[in-house]
Amino acid sequence: MSSNADTRPVEAGATAAPPRALNPAFHRPDPYLPGSGSTAFTVSHYDLDLEVKLAANRLSGRARLTARVLESTQRLELDLARLTASKVLVNGRRPKKVSHRGGKLILALAARLDAGADVELDIRYDGSPAPIRGLWGEVGWEELTDGVLVAGQPNGAPSWFPCNDRPADKATYRIAVTTDAGYRAVANGDLVQHSKKSSRETWEYRMDQPMASYLATVQIGRYGLEDLADGRPEPVTRSRGIIRQYIAVPGPLAADARSSLARQEHMMETFIERFGPYPFSQYTVVVTEDELEIPLEAQSLSVLGSNHLHSTWEDQRLIAHELSHQWFGNSLTVAHWQDIWLHEGFACYAEWIWSEESGSMPAAARANAAWKRLAALPQDIVVGDPGPELMFDDRVYKRGALTLEALRRSVGDAAFFRVLRHWATEHRHGSVDTGMFIAVAEAETGFDVRGLLDAWLFSRALPVLPGR
């Protein structure tokens, strides 16, 4: 381990959370991405060693997966796009046959594996990674002007490592990235080791809380690392330790990044009060030199473009939005994409909470304005099951947030925020769906939440907000 001062050890308060057993209700292919992932096995841990040559955009990797068989099988399929597996071992032995087609790495085994059997997969692979094209544009590994960005939502993870690419299949991770000297690699979780050798540098991270494959990420650039709390007496605290907040940013953008993120600590405090303890040990915001169409979130970090470094409401709401995804999307992750309003509706509502807290505009006023805009649009979407083509439609975000505002107005502030805290803590680091949220909300309030939410989530017509 190098003696660099910016190496961040895992904090004593950040205890690992073991992956939860897969809920049988989630043990089915995702209807929006039926070709992604496998229900035959579940992965509990990914151990990734990556060698990245930036100029050539060349990736050589070794992925060791710890898995358990869920269905008796003589065939394992992993998601891997554009990259080629050169050597594969299953429990230390070569499979009978290895083939690669349709974005799947297919392993035909010499003997059948029984349900409940433990499996160790060791896969060496390489190639020139590229984004995966789909309904939502290009996702996954992307070259920047001077570095790399990985945006995995919803199915971009196979662009850089072999995985069981299902949001319900959450695992712990170790990610080690070796790349060109002078570049920083940023990945999920805590930096546990940094070393230099000749013209190469290695950055090793550990994510001890279960994470969906699409939330795994690597960002590479000429980044310096800054502690957001520098110059202030105390970083934000939580019940089990300190939440360190970092900015990974090119030197010329550092001052603008600090100015733009000056209120993030207050955002963090606000969301802890409203949603319960922050789910991870630290939070990093990566700022790219390139402009980005939208900011991006991954587990324990977010990515902003150089064009997002402003103090206007439009940019500040995006900072709040991505931070709130650490609770809603990363800690609590939908088991299937049809429930995406549980990510985006909650994150949009977090923007309104921050608007209220920061003195910009009450949440109710933001909601009234959003309702008015939605009322003028076509009423042709079912937010609770929008379909794959519309899962990232802005109406899912705004009407999802309005659903929460309708609940707040119906049960009152005290009960509403009690529901949010209970929801975020009871299912911490788990997989969720809409029915589970309704159960928590009804248990906490005694209110007919299902009747209210059915109208907002599962009918096309836009309901009237209570109190309008």
# chains A, B, ... in the order shown; residues from 1 in each chain; ligands from 1
>>> residues_around(residues="stretch 147-151 of chain A", least_positions_apart="4", cutoff="7 Å", atoms="only C-alpha atoms", output="PDB file with C-alpha atoms, in the first residue's frame")
ATOM      1  CA  LEU A  54      -6.662   4.445 -21.815  1.00  0.00           C
ATOM      2  CA  VAL A 139     -25.278   2.719 -21.509  1.00  0.00           C
ATOM      3  CA  GLY A 140     -22.218   1.229 -19.870  1.00  0.00           C
ATOM      4  CA  TRP A 141     -18.514   1.847 -20.525  1.00  0.00           C
ATOM      5  CA  GLU A 142     -17.936   5.142 -22.329  1.00  0.00           C
ATOM      6  CA  GLU A 143     -14.746   6.948 -23.338  1.00  0.00           C
ATOM      7  CA  GLY A 156     -24.766  -1.444 -18.958  1.00  0.00           C
ATOM      8  CA  THR A 217     -19.048   1.704 -11.689  1.00  0.00           C
ATOM      9  CA  VAL A 218     -15.552   2.830 -12.563  1.00  0.00           C
ATOM     10  CA  GLN A 219     -14.677   6.458 -13.320  1.00  0.00           C
ATOM     11  CA  ILE A 220     -11.184   7.300 -14.573  1.00  0.00           C
ATOM     12  CA  GLY A 221      -9.777  10.777 -15.109  1.00  0.00           C
ATOM     13  CA  LEU A 296     -25.483   9.950 -12.992  1.00  0.00           C
TER      14      LEU A 296
END
>>> residues_around(residues="A:Phe346", least_positions_apart="5", cutoff="10 Å", atoms="only C-alpha atoms", output="mmCIF file with N, CA and C atoms, in the first residue's frame")
data_model
loop_
_atom_site.group_PDB
_atom_site.id
_atom_site.type_symbol
_atom_site.label_atom_id
_atom_site.label_comp_id
_atom_site.auth_asym_id
_atom_site.auth_seq_id
_atom_site.Cartn_x
_atom_site.Cartn_y
_atom_site.Cartn_z
ATOM 1 N N HIS A 321 -31.109 15.372 -6.045
ATOM 2 C CA HIS A 321 -31.707 14.179 -6.651
ATOM 3 C C HIS A 321 -30.744 12.997 -6.591
ATOM 4 N N SER A 324 -30.072 11.707 -3.011
ATOM 5 C CA SER A 324 -31.186 10.949 -2.425
ATOM 6 C C SER A 324 -31.268 9.535 -2.971
ATOM 7 N N HIS A 325 -30.715 9.317 -4.172
ATOM 8 C CA HIS A 325 -30.722 7.955 -4.718
ATOM 9 C C HIS A 325 -29.902 6.992 -3.864
ATOM 10 N N TRP A 327 -30.347 6.427 -0.843
ATOM 11 C CA TRP A 327 -31.386 5.730 -0.079
ATOM 12 C C TRP A 327 -32.311 4.978 -1.048
ATOM 13 N N PHE A 328 -32.853 5.714 -2.030
ATOM 14 C CA PHE A 328 -33.914 5.196 -2.894
ATOM 15 C C PHE A 328 -33.360 4.898 -4.283
ATOM 16 N N GLY A 329 -32.930 3.658 -4.466
ATOM 17 C CA GLY A 329 -32.313 3.231 -5.710
ATOM 18 C C GLY A 329 -31.083 2.397 -5.445
ATOM 19 N N ILE A 340 -39.951 1.318 -11.101
ATOM 20 C CA ILE A 340 -38.919 2.343 -11.081
ATOM 21 C C ILE A 340 -39.377 3.645 -10.423
ATOM 22 N N TRP A 341 -40.677 3.855 -10.293
ATOM 23 C CA TRP A 341 -41.136 5.064 -9.594
ATOM 24 C C TRP A 341 -40.617 5.091 -8.163
ATOM 25 N N GLU A 351 -35.994 16.258 -4.131
ATOM 26 C CA GLU A 351 -35.712 17.616 -4.618
ATOM 27 C C GLU A 351 -36.654 18.624 -3.954
ATOM 28 N N TRP A 352 -37.936 18.271 -3.876
ATOM 29 C CA TRP A 352 -38.926 19.190 -3.304
ATOM 30 C C TRP A 352 -38.709 19.361 -1.796
ATOM 31 N N TYR A 397 -41.154 10.323 -13.111
ATOM 32 C CA TYR A 397 -40.491 11.072 -12.042
ATOM 33 C C TYR A 397 -41.482 11.990 -11.337
ATOM 34 N N LYS A 398 -42.158 12.828 -12.126
ATOM 35 C CA LYS A 398 -43.006 13.862 -11.536
ATOM 36 C C LYS A 398 -44.286 13.276 -10.934
ATOM 37 N N GLY A 400 -44.660 10.226 -9.952
ATOM 38 C CA GLY A 400 -44.240 9.455 -8.789
ATOM 39 C C GLY A 400 -44.080 10.339 -7.574
ATOM 40 N N ALA A 401 -43.474 11.517 -7.769
ATOM 41 C CA ALA A 401 -43.334 12.476 -6.662
ATOM 42 C C ALA A 401 -44.690 12.984 -6.207
ATOM 43 N N LEU A 402 -45.593 13.230 -7.154
ATOM 44 C CA LEU A 402 -46.939 13.679 -6.787
ATOM 45 C C LEU A 402 -47.688 12.616 -5.982
ATOM 46 N N THR A 403 -47.409 11.362 -6.264
ATOM 47 C CA THR A 403 -48.009 10.275 -5.479
ATOM 48 C C THR A 403 -47.627 10.423 -4.002
ATOM 49 N N LEU A 404 -46.360 10.724 -3.759
ATOM 50 C CA LEU A 404 -45.901 10.911 -2.382
ATOM 51 C C LEU A 404 -46.498 12.183 -1.773
ATOM 52 N N LEU A 420 -41.541 7.275 5.484
ATOM 53 C CA LEU A 420 -40.306 7.299 4.697
ATOM 54 C C LEU A 420 -39.133 6.732 5.482
#
>>> residues_around(residues="stretch 251-265 of chain A", least_positions_apart="5", cutoff="6 Å", atoms="only C-alpha atoms", output="list in words")
Leu309, His310 and Ser311 of chain A
>>> write_last_selection(atoms="N, CA and C atoms", output="PDB file, in the first residue's frame")
ATOM      1  N   LEU A 309     -22.133  22.675 -12.760  1.00  0.00           N
ATOM      2  CA  LEU A 309     -21.518  23.350 -11.614  1.00  0.00           C
ATOM      3  C   LEU A 309     -22.028  24.779 -11.475  1.00  0.00           C
ATOM      4  N   HIS A 310     -23.299  24.889 -11.112  1.00  0.00           N
ATOM      5  CA  HIS A 310     -23.912  26.193 -10.921  1.00  0.00           C
ATOM      6  C   HIS A 310     -24.730  26.183  -9.633  1.00  0.00           C
ATOM      7  N   SER A 311     -25.084  27.368  -9.169  1.00  0.00           N
ATOM      8  CA  SER A 311     -25.871  27.491  -7.942  1.00  0.00           C
ATOM      9  C   SER A 311     -27.342  27.734  -8.218  1.00  0.00           C
TER      10      SER A 311
END
>>> closest_residue(among="A:Glu77, A:Asp30, A:Asp49, A:Asp380", to="A:Asn155", atoms="only C-alpha atoms")
A:Asp30
>>> select_by_dssp(residues="stretch 335-467 of chain A", states="alpha helix (DSSP H)", output="JSON, numbers by chain")
{"A": [341, 342, 343, 344, 345, 346, 347, 348, 349, 350, 351, 352, 353, 354, 355, 356, 357, 363, 364, 365, 366, 367, 368, 369, 370, 371, 372, 373, 374, 375, 394, 395, 396, 397, 398, 399, 400, 401, 402, 403, 404, 405, 406, 407, 408, 409, 410, 411, 413, 414, 415, 416, 417, 418, 419, 420, 421, 422, 423, 424, 425, 426, 434, 435, 436, 437, 438, 439, 440, 441, 442, 443, 444, 445, 449, 450, 451, 452, 453, 454, 455, 456, 457, 458]}
>>> closest_residue(among="A:Pro34, A:Val411, A:Ile123, A:Arg133", to="A:Ala441", atoms="only C-alpha atoms")
A:Val411
>>> closest_atom_pairs(of="stretch 364-435 of chain A", to="stretch 271-290 of chain A", cutoff="10 Å", atoms="only C-alpha atoms", output="CSV")
residue,atom,partner,partner_atom,distance
A:Phe416,CA,A:Arg274,CA,9.7
A:Phe417,CA,A:Arg274,CA,6.1
A:Arg418,CA,A:Arg274,CA,8.2
A:Val419,CA,A:Phe275,CA,8.9
A:Leu420,CA,A:Phe275,CA,5.6
A:Arg421,CA,A:Phe275,CA,4.4
A:His422,CA,A:Gly276,CA,7.9
A:Trp423,CA,A:Phe275,CA,8.2
A:Ala424,CA,A:Phe275,CA,6.2
A:Thr425,CA,A:Gly276,CA,6.6
A:Arg428,CA,A:Pro279,CA,7.3
A:His429,CA,A:Pro279,CA,7.7
>>> write_last_selection(atoms="C-alpha atoms", output="PDB file, in the first residue's frame")
ATOM      1  CA  PHE A 416     -45.660  10.723   6.182  1.00  0.00           C
ATOM      2  CA  PHE A 417     -42.046  11.169   7.251  1.00  0.00           C
ATOM      3  CA  ARG A 418     -42.404   8.288   9.693  1.00  0.00           C
ATOM      4  CA  VAL A 419     -43.365   6.149   6.677  1.00  0.00           C
ATOM      5  CA  LEU A 420     -40.306   7.299   4.697  1.00  0.00           C
ATOM      6  CA  ARG A 421     -37.916   6.590   7.575  1.00  0.00           C
ATOM      7  CA  HIS A 422     -39.449   3.182   8.281  1.00  0.00           C
ATOM      8  CA  TRP A 423     -39.406   2.302   4.576  1.00  0.00           C
ATOM      9  CA  ALA A 424     -35.739   3.253   4.154  1.00  0.00           C
ATOM     10  CA  THR A 425     -34.545   1.511   7.327  1.00  0.00           C
ATOM     11  CA  ARG A 428     -32.056  -1.158   3.991  1.00  0.00           C
ATOM     12  CA  HIS A 429     -29.769  -2.767   1.376  1.00  0.00           C
TER      13      HIS A 429
END
>>> atom_distance(atom1="atom CA of A:Ala455", atom2="atom CA of A:Gln153")
28.1 Å
>>> atom_distance(atom1="atom CA of A:Gly451", atom2="atom CA of A:Ser331")
27.0 Å
>>> closest_residue(among="A:Gly103, A:Gly37, A:Gly189, A:Gly435", to="A:Leu457", atoms="only C-alpha atoms")
A:Gly435
>>> select_by_dssp(residues="stretch 199-332 of chain A", states="strand (DSSP E)", output="ChimeraX atom specification")
/A:200-211,218-221,224-227,237-238,241-242,244-249,282-287,296-298,301-304
>>> write_last_selection(atoms="N, CA and C atoms", output="compact mmCIF listing (two decimals), in the first residue's frame")
# COMPACT_ATOMS: atom_id res chain seq x y z
N ARG A 200 2.24 2.83 -14.07
CA ARG A 200 0.88 2.35 -13.77
C ARG A 200 0.53 2.63 -12.31
N GLU A 201 -0.75 2.85 -12.06
CA GLU A 201 -1.26 3.02 -10.70
C GLU A 201 -2.45 2.09 -10.50
N THR A 202 -2.54 1.52 -9.30
CA THR A 202 -3.64 0.63 -8.97
C THR A 202 -4.46 1.23 -7.83
N TRP A 203 -5.78 1.22 -8.02
CA TRP A 203 -6.73 1.74 -7.03
C TRP A 203 -7.69 0.61 -6.67
N GLU A 204 -7.75 0.27 -5.40
CA GLU A 204 -8.57 -0.86 -4.97
C GLU A 204 -9.68 -0.38 -4.02
N TYR A 205 -10.91 -0.77 -4.34
CA TYR A 205 -12.08 -0.36 -3.57
C TYR A 205 -12.85 -1.57 -3.06
N ARG A 206 -13.58 -1.35 -1.98
CA ARG A 206 -14.41 -2.41 -1.42
C ARG A 206 -15.79 -1.86 -1.11
N MET A 207 -16.81 -2.55 -1.62
CA MET A 207 -18.20 -2.22 -1.32
C MET A 207 -18.77 -3.38 -0.52
N ASP A 208 -18.92 -3.16 0.79
CA ASP A 208 -19.36 -4.23 1.68
C ASP A 208 -20.87 -4.33 1.80
N GLN A 209 -21.60 -3.35 1.26
CA GLN A 209 -23.06 -3.42 1.28
C GLN A 209 -23.54 -3.97 -0.05
N PRO A 210 -24.57 -4.81 -0.04
CA PRO A 210 -25.04 -5.43 -1.29
C PRO A 210 -25.38 -4.39 -2.35
N MET A 211 -25.02 -4.68 -3.58
CA MET A 211 -25.17 -3.72 -4.67
C MET A 211 -25.63 -4.43 -5.94
N VAL A 218 -16.94 2.37 -12.58
CA VAL A 218 -15.55 2.83 -12.56
C VAL A 218 -15.52 4.17 -13.30
N GLN A 219 -14.90 5.16 -12.69
CA GLN A 219 -14.68 6.46 -13.32
C GLN A 219 -13.17 6.70 -13.33
N ILE A 220 -12.62 7.07 -14.47
CA ILE A 220 -11.18 7.30 -14.57
C ILE A 220 -10.95 8.67 -15.20
N GLY A 221 -10.11 9.46 -14.57
CA GLY A 221 -9.78 10.78 -15.11
C GLY A 221 -8.62 11.39 -14.35
N GLY A 224 -8.24 15.12 -8.92
CA GLY A 224 -7.75 15.28 -7.57
C GLY A 224 -8.90 14.96 -6.62
N LEU A 225 -8.58 14.63 -5.39
CA LEU A 225 -9.62 14.28 -4.42
C LEU A 225 -9.64 15.31 -3.31
N GLU A 226 -10.81 15.86 -3.03
CA GLU A 226 -10.97 16.84 -1.98
C GLU A 226 -12.03 16.36 -0.99
N ASP A 227 -11.77 16.63 0.29
CA ASP A 227 -12.75 16.34 1.33
C ASP A 227 -13.66 17.55 1.44
N THR A 237 -22.25 13.65 10.82
CA THR A 237 -22.16 12.41 11.58
C THR A 237 -23.42 11.58 11.41
N ARG A 238 -23.32 10.32 11.70
CA ARG A 238 -24.47 9.44 11.72
C ARG A 238 -24.35 8.57 12.95
N GLY A 241 -20.98 6.47 12.94
CA GLY A 241 -19.69 6.98 12.52
C GLY A 241 -19.81 8.22 11.68
N ILE A 242 -18.74 8.55 11.00
CA ILE A 242 -18.63 9.76 10.20
C ILE A 242 -18.97 9.45 8.74
N ARG A 244 -17.96 10.65 5.38
CA ARG A 244 -17.03 11.47 4.63
C ARG A 244 -17.62 11.76 3.25
N GLN A 245 -17.51 13.02 2.85
CA GLN A 245 -17.99 13.43 1.53
C GLN A 245 -16.82 14.00 0.74
N TYR A 246 -16.62 13.44 -0.47
CA TYR A 246 -15.47 13.78 -1.28
C TYR A 246 -15.90 14.34 -2.64
N ILE A 247 -15.00 15.11 -3.24
CA ILE A 247 -15.15 15.55 -4.62
C ILE A 247 -13.93 15.06 -5.39
N ALA A 248 -14.15 14.29 -6.45
CA ALA A 248 -13.08 13.89 -7.37
C ALA A 248 -13.23 14.78 -8.60
N VAL A 249 -12.26 15.68 -8.81
CA VAL A 249 -12.46 16.74 -9.80
C VAL A 249 -11.13 17.15 -10.44
N GLN A 282 -19.37 6.51 3.06
CA GLN A 282 -18.88 7.75 2.44
C GLN A 282 -19.65 8.02 1.16
N TYR A 283 -19.45 9.22 0.63
CA TYR A 283 -20.14 9.63 -0.60
C TYR A 283 -19.18 10.49 -1.42
N THR A 284 -19.01 10.13 -2.68
CA THR A 284 -18.11 10.85 -3.56
C THR A 284 -18.87 11.40 -4.76
N VAL A 285 -18.63 12.64 -5.07
CA VAL A 285 -19.14 13.24 -6.31
C VAL A 285 -17.97 13.39 -7.28
N VAL A 286 -18.08 12.73 -8.42
CA VAL A 286 -17.08 12.84 -9.48
C VAL A 286 -17.54 13.92 -10.45
N VAL A 287 -16.65 14.84 -10.78
CA VAL A 287 -16.96 15.90 -11.74
C VAL A 287 -16.10 15.69 -12.98
N LEU A 296 -25.33 11.40 -13.11
CA LEU A 296 -25.48 9.95 -12.99
C LEU A 296 -25.26 9.54 -11.54
N GLU A 297 -25.98 8.50 -11.13
CA GLU A 297 -25.77 8.00 -9.77
C GLU A 297 -25.33 6.55 -9.81
N ALA A 298 -24.45 6.20 -8.89
CA ALA A 298 -24.06 4.82 -8.65
C ALA A 298 -23.98 4.66 -7.14
N LEU A 301 -21.69 6.93 -4.87
CA LEU A 301 -21.12 8.07 -5.61
C LEU A 301 -22.09 8.55 -6.69
N SER A 302 -21.87 9.79 -7.13
CA SER A 302 -22.60 10.38 -8.25
C SER A 302 -21.60 11.04 -9.19
N VAL A 303 -22.05 11.30 -10.41
CA VAL A 303 -21.19 11.90 -11.42
C VAL A 303 -21.89 13.13 -12.00
N LEU A 304 -21.21 14.26 -11.95
CA LEU A 304 -21.70 15.50 -12.55
C LEU A 304 -20.81 15.86 -13.72
>>> closest_residue(among="A:Val69, A:Ala365, A:Ile381, A:Val186", to="A:Asp114", atoms="only C-alpha atoms")
A:Val69
